[in-house]
file coords-v2.pdb (PDB, C-alpha atoms)
ATOM      1  CA  MET A   1      88.179 200.203 202.442
ATOM      2  CA  ALA A   2      87.486 197.521 199.959
ATOM      3  CA  ARG A   3      88.881 194.215 200.696
ATOM      4  CA  GLN A   4      91.284 192.991 197.994
ATOM      5  CA  ARG A   5      90.507 189.561 196.560
ATOM      6  CA  PRO A   6      93.555 187.297 196.553
ATOM      7  CA  ALA A   7      94.816 186.496 193.092
ATOM      8  CA  ARG A   8      94.340 183.000 191.765
ATOM      9  CA  ASP A   9      97.112 180.949 190.357
ATOM     10  CA  ASP A  10      95.804 181.368 186.781
ATOM     11  CA  GLU A  11      95.701 185.180 187.018
ATOM     12  CA  GLY A  12      98.542 187.686 186.812
ATOM     13  CA  PRO A  13     100.617 189.475 184.247
ATOM     14  CA  ASP A  14     101.061 186.245 182.252
ATOM     15  CA  ARG A  15      97.350 185.275 182.298
ATOM     16  CA  GLY A  16      96.544 182.395 179.998
ATOM     17  CA  GLN A  17     100.036 180.906 180.072
ATOM     18  CA  PRO A  18     100.314 177.355 181.281
ATOM     19  CA  PRO A  19     102.130 176.640 184.456
ATOM     20  CA  GLY A  20     105.899 176.422 184.165
ATOM     21  CA  GLY A  21     106.358 179.626 182.138
ATOM     22  CA  LEU A  22     106.552 178.001 178.625
ATOM     23  CA  GLN A  23     106.554 180.439 175.723
ATOM     24  CA  ASP A  24     104.498 180.051 172.521
ATOM     25  CA  GLN A  25     107.516 178.887 170.505
ATOM     26  CA  ASP A  26     108.206 176.089 172.967
ATOM     27  CA  ARG A  27     104.637 175.037 173.513
ATOM     28  CA  PRO A  28     103.977 171.471 172.297
ATOM     29  CA  LEU A  29     100.977 170.903 170.082
ATOM     30  CA  PRO A  30      98.620 168.096 171.040
ATOM     31  CA  PRO A  31      97.923 166.152 167.786
ATOM     32  CA  LEU A  32      95.703 163.148 167.645
ATOM     33  CA  ARG A  33      98.511 160.582 167.780
ATOM     34  CA  GLY A  34     100.547 162.299 170.524
ATOM     35  CA  VAL A  35     102.591 165.436 171.269
ATOM     36  CA  LEU A  36     105.100 166.796 168.693
ATOM     37  CA  THR A  37     107.819 169.249 169.413
ATOM     38  CA  GLN A  38     108.755 172.195 167.201
ATOM     39  CA  ALA A  39     111.758 170.253 165.860
ATOM     40  CA  GLU A  40     109.573 167.329 164.872
ATOM     41  CA  ILE A  41     107.189 169.660 163.116
ATOM     42  CA  ALA A  42     110.088 171.246 161.186
ATOM     43  CA  ALA A  43     111.346 167.829 160.190
ATOM     44  CA  LEU A  44     107.941 166.962 158.858
ATOM     45  CA  LEU A  45     107.609 170.223 156.932
ATOM     46  CA  ARG A  46     111.152 170.189 155.563
ATOM     47  CA  PRO A  47     112.264 166.542 155.465
ATOM     48  CA  ASP A  48     115.853 165.661 154.654
ATOM     49  CA  LEU A  49     115.276 163.485 151.585
ATOM     50  CA  PRO A  50     117.897 161.663 149.476
ATOM     51  CA  GLU A  51     119.143 163.528 146.434
ATOM     52  CA  HIS A  52     117.651 161.068 143.900
ATOM     53  CA  ILE A  53     114.102 161.662 145.180
ATOM     54  CA  GLY A  54     112.183 163.814 142.726
ATOM     55  CA  LYS A  55     114.711 163.457 139.929
ATOM     56  CA  SER A  56     113.873 161.581 136.725
ATOM     57  CA  SER A  57     115.888 158.441 136.063
ATOM     58  CA  PRO A  58     116.491 156.827 132.677
ATOM     59  CA  PRO A  59     114.470 153.676 131.986
ATOM     60  CA  ALA A  60     116.209 150.404 132.645
ATOM     61  CA  ALA A  61     117.664 148.681 129.618
ATOM     62  CA  LEU A  62     115.471 145.763 128.498
ATOM     63  CA  ALA A  63     116.912 142.646 126.976
ATOM     64  CA  PRO A  64     115.484 141.839 123.522
ATOM     65  CA  HIS A  65     112.645 139.321 123.693
ATOM     66  CA  ARG A  66     112.509 136.599 121.075
ATOM     67  CA  ALA A  67     109.216 134.857 120.557
ATOM     68  CA  PRO A  68     109.687 131.077 120.656
ATOM     69  CA  VAL A  69     108.863 129.114 117.524
ATOM     70  CA  LEU A  70     105.915 126.840 118.248
ATOM     71  CA  ASP A  71     106.090 123.374 116.761
ATOM     72  CA  THR A  72     102.323 123.405 116.353
ATOM     73  CA  ALA A  73     102.638 126.324 113.954
ATOM     74  CA  LEU A  74     104.804 124.280 111.572
ATOM     75  CA  PRO A  75     103.019 121.931 109.148
ATOM     76  CA  ASP A  76     103.631 118.233 109.600
ATOM     77  CA  ALA A  77     104.148 116.750 106.150
ATOM     78  CA  VAL A  78     103.516 113.173 107.261
ATOM     79  CA  GLU A  79     100.345 114.058 109.157
ATOM     80  CA  ASP A  80      99.121 116.236 106.302
ATOM     81  CA  ARG A  81      99.712 113.439 103.798
ATOM     82  CA  THR A  82      97.941 110.936 106.048
ATOM     83  CA  ARG A  83      94.911 113.196 106.405
ATOM     84  CA  ARG A  84      94.809 113.813 102.671
ATOM     85  CA  GLN A  85      94.868 110.083 101.986
ATOM     86  CA  ALA A  86      92.127 109.522 104.559
ATOM     87  CA  GLY A  87      90.018 112.228 102.903
ATOM     88  CA  GLN A  88      90.419 110.498  99.547
ATOM     89  CA  LEU A  89      89.454 107.211 101.180
ATOM     90  CA  ALA A  90      86.255 108.800 102.505
ATOM     91  CA  ALA A  91      85.236 109.741  98.955
ATOM     92  CA  ARG A  92      85.956 106.225  97.645
ATOM     93  CA  LEU A  93      84.010 104.641 100.514
ATOM     94  CA  ALA A  94      81.023 106.874  99.800
ATOM     95  CA  LEU A  95      81.049 105.769  96.148
ATOM     96  CA  ALA A  96      81.402 102.102  97.119
ATOM     97  CA  PHE A  97      78.525 102.292  99.597
ATOM     98  CA  GLY A  98      76.302 104.058  97.088
ATOM     99  CA  ARG A  99      77.067 102.027  93.964
ATOM    100  CA  ASN A 100      77.777  98.545  95.298
ATOM    101  CA  ILE A 101      75.986  98.317  98.653
ATOM    102  CA  GLY A 102      72.951 100.445  97.870
ATOM    103  CA  LEU A 103      73.388 102.813 100.821
ATOM    104  CA  LYS A 104      73.823 106.385  99.618
ATOM    105  CA  ALA A 105      75.482 107.964 102.630
ATOM    106  CA  ALA A 106      77.667 110.999 103.189
ATOM    107  CA  ILE A 107      80.990 109.815 104.619
ATOM    108  CA  MET A 108      83.217 112.510 106.113
ATOM    109  CA  LEU A 109      86.592 112.200 107.812
ATOM    110  CA  SER A 110      86.417 112.769 111.580
ATOM    111  CA  GLU A 111      89.866 111.975 112.954
ATOM    112  CA  VAL A 112      93.156 110.309 112.070
ATOM    113  CA  ALA A 113      95.372 108.780 114.748
ATOM    114  CA  ARG A 114      98.301 106.404 115.020
ATOM    115  CA  THR A 115      98.777 103.740 117.671
ATOM    116  CA  ASP A 116     100.163 100.246 118.150
ATOM    117  CA  THR A 117      98.410  96.939 117.594
ATOM    118  CA  GLY A 118      98.638  96.234 121.330
ATOM    119  CA  ALA A 119      96.188  99.062 122.055
ATOM    120  CA  LEU A 120      93.547  97.961 119.536
ATOM    121  CA  PRO A 121      91.607  95.451 121.722
ATOM    122  CA  GLY A 122      90.834  98.123 124.289
ATOM    123  CA  LEU A 123      89.971 100.731 121.655
ATOM    124  CA  LEU A 124      87.609  98.452 119.704
ATOM    125  CA  GLN A 125      85.855  96.878 122.661
ATOM    126  CA  GLY A 126      82.165  97.787 122.511
ATOM    127  CA  LYS A 127      82.557  99.858 119.333
ATOM    128  CA  ALA A 128      82.669  97.232 116.581
ATOM    129  CA  THR A 129      80.082  94.493 116.188
ATOM    130  CA  ALA A 130      81.667  93.211 112.974
ATOM    131  CA  ILE A 131      85.134  93.678 111.505
ATOM    132  CA  ALA A 132      85.795  93.133 107.805
ATOM    133  CA  CYS A 133      89.341  91.896 107.181
ATOM    134  CA  PHE A 134      91.001  92.880 103.892
ATOM    135  CA  GLY A 135      94.353  91.853 102.457
ATOM    136  CA  PRO A 136      96.155  90.827  99.268
ATOM    137  CA  ASP A 137      95.773  87.116 100.111
ATOM    138  CA  ASP A 138      94.296  84.848 102.762
ATOM    139  CA  MET A 139      97.562  84.813 104.741
ATOM    140  CA  THR A 140      98.021  88.580 104.941
ATOM    141  CA  ILE A 141      95.606  91.014 106.608
ATOM    142  CA  SER A 142      96.575  94.636 106.112
ATOM    143  CA  GLN A 143      93.347  96.606 106.661
ATOM    144  CA  LEU A 144      90.336  96.308 108.947
ATOM    145  CA  VAL A 145      86.959  97.987 108.438
ATOM    146  CA  CYS A 146      85.198  98.281 111.811
ATOM    147  CA  LEU A 147      81.406  98.354 111.605
ATOM    148  CA  PRO A 148      79.309  99.348 114.651
ATOM    149  CA  ALA A 149      76.061  97.599 115.515
ATOM    150  CA  ARG A 150      73.781 100.329 114.137
ATOM    151  CA  LEU A 151      75.440 100.282 110.718
ATOM    152  CA  VAL A 152      75.562  96.472 110.556
ATOM    153  CA  ASP A 153      71.870  96.289 111.421
ATOM    154  CA  ALA A 154      70.985  98.853 108.760
ATOM    155  CA  LEU A 155      72.976  97.000 106.069
ATOM    156  CA  ILE A 156      71.385  93.656 106.890
ATOM    157  CA  ALA A 157      67.925  95.220 107.046
ATOM    158  CA  ARG A 158      68.292  96.821 103.622
ATOM    159  CA  ALA A 159      69.612  93.578 102.141
ATOM    160  CA  CYS A 160      66.541  91.777 103.498
ATOM    161  CA  GLY A 161      64.147  94.397 102.111
ATOM    162  CA  ALA A 162      63.533  96.374 105.325
ATOM    163  CA  SER A 163      63.860 100.134 105.279
ATOM    164  CA  LEU A 164      65.466 100.983 108.610
ATOM    165  CA  SER A 165      66.299  98.235 111.114
ATOM    166  CA  THR A 166      65.802  94.584 111.918
ATOM    167  CA  GLY A 167      64.962  95.499 115.506
ATOM    168  CA  ARG A 168      67.602  93.177 116.937
ATOM    169  CA  PRO A 169      70.549  95.387 117.986
ATOM    170  CA  SER A 170      71.146  95.600 121.714
ATOM    171  CA  GLY A 171      74.100  95.772 124.046
ATOM    172  CA  ASP A 172      74.841  92.047 123.719
ATOM    173  CA  TRP A 173      73.775  91.522 120.091
ATOM    174  CA  GLN A 174      75.888  88.858 118.347
ATOM    175  CA  LEU A 175      75.906  88.167 114.635
ATOM    176  CA  SER A 176      74.855  84.724 113.514
ATOM    177  CA  ALA A 177      76.642  82.704 110.842
ATOM    178  CA  ILE A 178      73.947  83.713 108.360
ATOM    179  CA  ASP A 179      74.387  87.378 109.286
ATOM    180  CA  CYS A 180      78.151  87.144 108.706
ATOM    181  CA  ALA A 181      77.691  85.393 105.367
ATOM    182  CA  LEU A 182      75.253  88.066 104.234
ATOM    183  CA  LEU A 183      77.520  90.835 105.499
ATOM    184  CA  GLU A 184      80.456  89.386 103.567
ATOM    185  CA  GLN A 185      78.518  89.780 100.330
ATOM    186  CA  LEU A 186      77.672  93.374 101.225
ATOM    187  CA  VAL A 187      81.112  94.658 102.246
ATOM    188  CA  ALA A 188      83.225  92.736  99.714
ATOM    189  CA  PRO A 189      83.078  95.637  97.179
ATOM    190  CA  LEU A 190      84.850  97.893  99.709
ATOM    191  CA  GLY A 191      88.140  96.205  98.794
ATOM    192  CA  ARG A 192      88.475  98.287  95.630
ATOM    193  CA  ALA A 193      87.976 101.457  97.640
ATOM    194  CA  LEU A 194      90.649 100.526 100.186
ATOM    195  CA  GLY A 195      93.441  99.888  97.687
ATOM    196  CA  ASP A 196      94.674  97.985  94.668
ATOM    197  CA  GLY A 197      94.824  94.222  95.077
ATOM    198  CA  LEU A 198      92.917  94.150  98.391
ATOM    199  CA  GLU A 199      90.161  91.586  98.776
ATOM    200  CA  LEU A 200      87.809  90.668 101.602
ATOM    201  CA  GLN A 201      89.209  87.685 103.454
ATOM    202  CA  SER A 202      86.600  87.299 106.216
ATOM    203  CA  VAL A 203      84.118  89.036 108.496
ATOM    204  CA  GLU A 204      84.914  88.454 112.164
ATOM    205  CA  THR A 205      83.320  89.314 115.502
ATOM    206  CA  ASP A 206      86.113  88.252 117.877
ATOM    207  CA  ILE A 207      88.233  91.389 118.426
ATOM    208  CA  PRO A 208      91.311  89.734 120.025
ATOM    209  CA  PHE A 209      91.466  87.208 117.189
ATOM    210  CA  VAL A 210      91.208  89.910 114.523
ATOM    211  CA  VAL A 211      93.961  92.001 116.141
ATOM    212  CA  SER A 212      96.228  88.956 116.274
ATOM    213  CA  THR A 213      95.976  88.584 112.481
ATOM    214  CA  LEU A 214      97.677  91.953 111.997
ATOM    215  CA  ALA A 215     101.451  92.238 111.915
ATOM    216  CA  SER A 216     102.695  93.676 115.209
ATOM    217  CA  GLY A 217     103.709  97.309 114.911
ATOM    218  CA  PRO A 218     102.203 100.730 114.280
ATOM    219  CA  VAL A 219      98.756 101.114 112.751
ATOM    220  CA  SER A 220      96.870 104.106 111.414
ATOM    221  CA  ILE A 221      93.229 104.609 112.444
ATOM    222  CA  ALA A 222      90.917 106.754 110.305
ATOM    223  CA  GLU A 223      87.479 107.463 111.775
ATOM    224  CA  PHE A 224      84.602 108.600 109.551
ATOM    225  CA  GLY A 225      81.118 109.882 110.216
ATOM    226  CA  LEU A 226      78.372 108.259 108.132
ATOM    227  CA  GLU A 227      75.015 109.979 107.568
ATOM    228  CA  ALA A 228      72.155 108.660 105.467
ATOM    229  CA  PRO A 229      68.362 109.119 105.560
ATOM    230  CA  GLU A 230      67.202 107.894 108.981
ATOM    231  CA  LEU A 231      70.730 106.659 109.784
ATOM    232  CA  ARG A 232      73.663 108.236 111.550
ATOM    233  CA  SER A 233      76.628 106.047 112.398
ATOM    234  CA  GLU A 234      80.410 105.760 112.239
ATOM    235  CA  ILE A 235      82.961 103.650 110.429
ATOM    236  CA  ALA A 236      86.672 103.172 111.133
ATOM    237  CA  VAL A 237      89.456 101.880 108.905
ATOM    238  CA  ILE A 238      92.608 100.472 110.523
ATOM    239  CA  THR A 239      95.680 100.161 108.295
ATOM    240  CA  THR A 240      99.014  98.584 109.148
ATOM    241  CA  VAL A 241     101.962 100.946 108.688
ATOM    242  CA  PRO A 242     104.842  99.109 106.943
ATOM    243  CA  ASP A 243     108.434  99.744 107.889
ATOM    244  CA  ALA A 244     110.735 101.683 105.588
ATOM    245  CA  GLU A 245     112.063  98.612 103.737
ATOM    246  CA  THR A 246     108.621  97.138 103.174
ATOM    247  CA  ALA A 247     107.227 100.496 102.106
ATOM    248  CA  ARG A 248     110.056 100.892  99.576
ATOM    249  CA  SER A 249     109.385  97.399  98.228
ATOM    250  CA  ILE A 250     105.695  98.227  97.841
ATOM    251  CA  VAL A 251     106.484 101.456  96.000
ATOM    252  CA  VAL A 252     108.988  99.756  93.695
ATOM    253  CA  ASP A 253     106.592  96.887  93.023
ATOM    254  CA  ARG A 254     103.824  99.342  92.185
ATOM    255  CA  ASP A 255     106.151 101.249  89.857
ATOM    256  CA  LEU A 256     107.189  98.015  88.162
ATOM    257  CA  ARG A 257     103.581  97.112  87.507
ATOM    258  CA  ALA A 258     102.935 100.587  86.117
ATOM    259  CA  ALA A 259     106.035 100.618  83.900
ATOM    260  CA  PRO A 260     107.504  97.099  83.407
ATOM    261  CA  ILE A 261     111.253  96.814  82.842
ATOM    262  CA  THR A 262     113.474  93.969  81.701
ATOM    263  CA  ALA A 263     115.719  92.109  84.170
ATOM    264  CA  VAL A 264     118.629  89.886  83.149
ATOM    265  CA  LEU A 265     118.677  86.427  84.757
ATOM    266  CA  THR A 266     121.537  83.988  84.249
ATOM    267  CA  ALA A 267     121.334  80.257  85.052
ATOM    268  CA  ARG A 268     124.708  78.977  86.265
ATOM    269  CA  LEU A 269     125.323  75.253  86.451
ATOM    270  CA  ALA A 270     128.799  75.352  87.952
ATOM    271  CA  ARG A 271     132.142  77.118  87.808
ATOM    272  CA  LEU A 272     135.115  75.045  86.621
ATOM    273  CA  SER A 273     138.872  75.733  86.527
ATOM    274  CA  VAL A 274     140.967  73.697  84.051
ATOM    275  CA  PRO A 275     144.534  74.057  82.781
ATOM    276  CA  MET A 276     145.092  75.749  79.424
ATOM    277  CA  SER A 277     146.564  72.556  78.025
ATOM    278  CA  ARG A 278     143.285  70.777  78.715
ATOM    279  CA  LEU A 279     141.342  73.465  76.880
ATOM    280  CA  THR A 280     143.553  73.203  73.809
ATOM    281  CA  ASP A 281     142.873  69.478  73.643
ATOM    282  CA  LEU A 282     139.078  69.845  73.720
ATOM    283  CA  GLN A 283     137.325  68.490  70.661
ATOM    284  CA  ALA A 284     133.801  67.543  69.670
ATOM    285  CA  GLY A 285     132.709  64.733  71.935
ATOM    286  CA  SER A 286     135.054  65.632  74.808
ATOM    287  CA  THR A 287     133.554  65.518  78.291
ATOM    288  CA  LEU A 288     134.077  67.964  81.148
ATOM    289  CA  LEU A 289     133.251  66.702  84.623
ATOM    290  CA  LEU A 290     131.724  69.470  86.707
ATOM    291  CA  GLY A 291     132.289  67.665  89.981
ATOM    292  CA  LEU A 292     128.703  68.217  91.142
ATOM    293  CA  PRO A 293     126.009  65.679  92.027
ATOM    294  CA  THR A 294     123.139  65.344  89.589
ATOM    295  CA  ASP A 295     120.657  66.774  92.101
ATOM    296  CA  GLN A 296     122.736  69.927  92.715
ATOM    297  CA  PRO A 297     120.447  72.969  92.295
ATOM    298  CA  VAL A 298     121.065  75.432  89.512
ATOM    299  CA  GLU A 299     121.824  78.997  90.616
ATOM    300  CA  VAL A 300     119.913  81.809  88.910
ATOM    301  CA  LEU A 301     121.814  85.098  89.005
ATOM    302  CA  SER A 302     120.248  88.539  88.881
ATOM    303  CA  GLY A 303     122.057  91.152  86.792
ATOM    304  CA  GLY A 304     124.305  89.054  84.548
ATOM    305  CA  ARG A 305     127.089  86.507  85.021
ATOM    306  CA  ASP A 306     128.597  88.419  87.963
ATOM    307  CA  GLY A 307     125.272  89.181  89.623
ATOM    308  CA  ALA A 308     124.006  88.002  93.000
ATOM    309  CA  VAL A 309     122.287  84.639  93.392
ATOM    310  CA  ALA A 310     118.543  85.369  93.409
ATOM    311  CA  PHE A 311     116.995  81.885  93.017
ATOM    312  CA  GLU A 312     117.820  78.187  93.075
ATOM    313  CA  GLY A 313     116.169  75.671  90.808
ATOM    314  CA  GLN A 314     116.273  72.312  89.072
ATOM    315  CA  MET A 315     117.331  71.945  85.453
ATOM    316  CA  GLY A 316     114.797  70.235  83.199
ATOM    317  CA  ARG A 317     112.933  70.485  79.929
ATOM    318  CA  LYS A 318     109.588  71.965  78.946
ATOM    319  CA  GLY A 319     108.547  70.923  75.473
ATOM    320  CA  ASN A 320     111.579  71.292  73.237
ATOM    321  CA  ARG A 321     113.267  73.887  75.446
ATOM    322  CA  ILE A 322     115.576  73.715  78.437
ATOM    323  CA  ALA A 323     113.915  75.105  81.565
ATOM    324  CA  VAL A 324     114.698  75.774  85.230
ATOM    325  CA  ARG A 325     112.077  75.097  87.883
ATOM    326  CA  ILE A 326     112.548  77.552  90.784
ATOM    327  CA  SER A 327     112.760  75.728  94.100
ATOM    328  CA  ALA A 328     113.985  78.449  96.502
ATOM    329  CA  ARG A 329     114.356  82.197  96.689
ATOM    330  CA  ARG A 330     117.650  83.546  97.936
ATOM    331  CA  ARG A 331     117.387  87.311  97.339
ATOM    332  CA  SER A 332     114.835  89.870  96.203
ATOM    333  CA  VAL A 333     115.353  91.008  92.637
ATOM    334  CA  LEU A 334     113.989  94.423  93.645
ATOM    335  CA  ALA A 335     116.922  94.940  96.032
ATOM    336  CA  ASP A 336     119.229  95.535  93.047
ATOM    337  CA  LEU A 337     117.057  98.274  91.560
TER     338      LEU A 337
END
call {"tool": "encode", "arguments": {"input": "coords-v2.pdb", "output": "structure tokens"}}
result
Amino acid sequence: MARQRPARDDEGPDRGQPPGGLQDQDRPLPPLRGVLTQAEIAALLRPDLPEHIGKSSPPAALAPHRAPVLDTALPDAVEDRTRRQAGQLAARLALAFGRNIGLKAAIMLSEVARTDTGALPGLLQGKATAIACFGPDDMTISQLVCLPARLVDALIARACGASLSTGRPSGDWQLSAIDCALLEQLVAPLGRALGDGLELQSVETDIPFVVSTLASGPVSIAEFGLEAPELRSEIAVITTVPDAETARSIVVDRDLRAAPITAVLTARLARLSVPMSRLTDLQAGSTLLLGLPTDQPVEVLSGGRDGAVAFEGQMGRKGNRIAVRISARRRSVLADL
């Protein structure tokens, strides 16, 4: 009789089932990250999502966007006028250099800037070997022409008969008295190019001194590039900017010179009040005492008998005519125009 082999724990009617009697529907699955139950699997397959998921939503309302207006996009009338004037000055300088100085060079505007006289010493240091000072008279300097060493050397060389350079310019090159005298003769014709009534007053090398001769306030700086055969240099023109009242006076004065008009001036000795009875008794030879000393100045009125006092003077005679010598100015005649 064959001997029956005892059954092992993993054999029997439910062979292949794990210990504990779990059924297939309750058997956990061993994923990589751990063990999930059937409920967890169902939750993953059929998640309970909010109602708005998967539905299209209208786009959010956007506020209208207004592009800002850039100041740089707007033309600056003052700056445009200044640049136009500087461009015209470049053409006049080119003609003056070619016709009067003998240096036919192309002069083109590089930059226009505005600063104060207090900043000029630092800006000109090392850039100008000679500075030509122009103005309407020897007591008024209104424009400076700054000449660098290379241009000064070329001008002096050409005046002396050389073609390119004297060979002297260096970092510490200083003009001699003879150099300045020669340079004055060369740059004097530039006055006509700078403006009406402007004349060369001096050529200086001391920058602080030159700046001190300008009226304190704003100045305009126009920089130009200068190119000629075998020469490339720069030139700068510094112009004082007058205030509104001075600028108006300059404009009116220029207009008066262009189109002269007649002004009424009245010389008033004195004003006297007398009773009517005294006036009726006046006859030829009667004397009226004005009550003024003999050296009392005569007032000259602008605009008729009721005008403002413009001048003071002394009564006298020139030839066979009565005249008034002006001794003081009390008011500008242009202020009444």
call {"tool": "axis_aligned_box", "arguments": {"input": "coords-v2.pdb", "around": "segment 138-153 of chain A", "padding_each_side": "8 Å", "output": "AutoDock Vina command-line options"}}
result
--center_x 84.9 --center_y 92.6 --center_z 109.1 --size_x 42.2 --size_y 31.5 --size_z 28.8
call {"tool": "residues_around", "arguments": {"input": "coords-v2.pdb", "residues": "Ala188 of chain A", "least_positions_apart": "5", "cutoff": "10 Å", "atoms": "all atoms listed in the file", "output": "ChimeraX atom specification"}}
result
/A:96,100-101,132-134,183,198-203
call {"tool": "residues_around", "arguments": {"input": "coords-v2.pdb", "residues": "Leu147 of chain A", "least_positions_apart": "4", "cutoff": "7 Å", "atoms": "only C-alpha atoms", "output": "number ranges by chain"}}
result
A: 128-131, 151-152, 235
call {"tool": "resolve_selection", "arguments": {"input": "coords-v2.pdb", "expression": "the PyMOL selection byres ((chain A and resi 327) around 12)", "output": "list in words"}}
result
Gln296, Pro297, Val298, Glu299, Val300, Ala310, Phe311, Glu312, Gly313, Gln314, Met315, Val324, Arg325, Ile326, Ala328, Arg329 and Arg330 of chain A
call {"tool": "closest_residue", "arguments": {"input": "coords-v2.pdb", "among": "A:Ile156, A:Ala236, A:Leu289, A:Val211", "to": "Pro121 of chain A", "atoms": "only C-alpha atoms"}}
result
A:Val211
call {"tool": "resolve_selection", "arguments": {"input": "coords-v2.pdb", "expression": "the PyMOL selection byres ((chain A and resi 290) around 8)", "output": "list in words"}}
result
Ala270, Arg271, Leu272, Leu288, Leu289, Gly291 and Leu292 of chain A
call {"tool": "atom_distance", "arguments": {"input": "coords-v2.pdb", "atom1": "atom CA of Thr239 of chain A", "atom2": "atom CA of Leu186 of chain A"}}
result
20.5 Å
call {"tool": "atom_distance", "arguments": {"input": "coords-v2.pdb", "atom1": "atom CA of Cys160 of chain A", "atom2": "atom CA of Arg99 of chain A"}}
result
17.5 Å
call {"tool": "residues_around", "arguments": {"input": "coords-v2.pdb", "residues": "Gly195 of chain A", "least_positions_apart": "2", "cutoff": "10 Å", "atoms": "all atoms listed in the file", "output": "ChimeraX atom specification"}}
result
/A:89,92,134-136,143,190-193,197-199
call {"tool": "closest_residue", "arguments": {"input": "coords-v2.pdb", "among": "A:Asn320, A:Gln283, A:Gln174, A:Thr266", "to": "Gly126 of chain A", "atoms": "all atoms listed in the file"}}
result
A:Gln174
call {"tool": "resolve_selection", "arguments": {"input": "coords-v2.pdb", "expression": "the PyMOL selection byres ((chain A and resi 120) around 10)", "output": "PDB file with C-alpha atoms, in the frame of the given file"}}
result
ATOM      1  CA  THR A 115      98.777 103.740 117.671  1.00  0.00           C
ATOM      2  CA  ASP A 116     100.163 100.246 118.150  1.00  0.00           C
ATOM      3  CA  THR A 117      98.410  96.939 117.594  1.00  0.00           C
ATOM      4  CA  GLY A 118      98.638  96.234 121.330  1.00  0.00           C
ATOM      5  CA  ALA A 119      96.188  99.062 122.055  1.00  0.00           C
ATOM      6  CA  PRO A 121      91.607  95.451 121.722  1.00  0.00           C
ATOM      7  CA  GLY A 122      90.834  98.123 124.289  1.00  0.00           C
ATOM      8  CA  LEU A 123      89.971 100.731 121.655  1.00  0.00           C
ATOM      9  CA  LEU A 124      87.609  98.452 119.704  1.00  0.00           C
ATOM     10  CA  GLN A 125      85.855  96.878 122.661  1.00  0.00           C
ATOM     11  CA  ILE A 207      88.233  91.389 118.426  1.00  0.00           C
ATOM     12  CA  PRO A 208      91.311  89.734 120.025  1.00  0.00           C
ATOM     13  CA  VAL A 210      91.208  89.910 114.523  1.00  0.00           C
ATOM     14  CA  VAL A 211      93.961  92.001 116.141  1.00  0.00           C
ATOM     15  CA  SER A 212      96.228  88.956 116.274  1.00  0.00           C
ATOM     16  CA  VAL A 219      98.756 101.114 112.751  1.00  0.00           C
ATOM     17  CA  ILE A 221      93.229 104.609 112.444  1.00  0.00           C
ATOM     18  CA  ILE A 238      92.608 100.472 110.523  1.00  0.00           C
TER      19      ILE A 238
END
call {"tool": "atom_distance", "arguments": {"input": "coords-v2.pdb", "atom1": "atom CA of Leu226 of chain A", "atom2": "atom CA of Gln88 of chain A"}}
result
15.0 Å
call {"tool": "residues_around", "arguments": {"input": "coords-v2.pdb", "residues": "Ala106 of chain A", "least_positions_apart": "4", "cutoff": "9 Å", "atoms": "all atoms listed in the file", "output": "ChimeraX atom specification"}}
result
/A:90-91,94,225-228
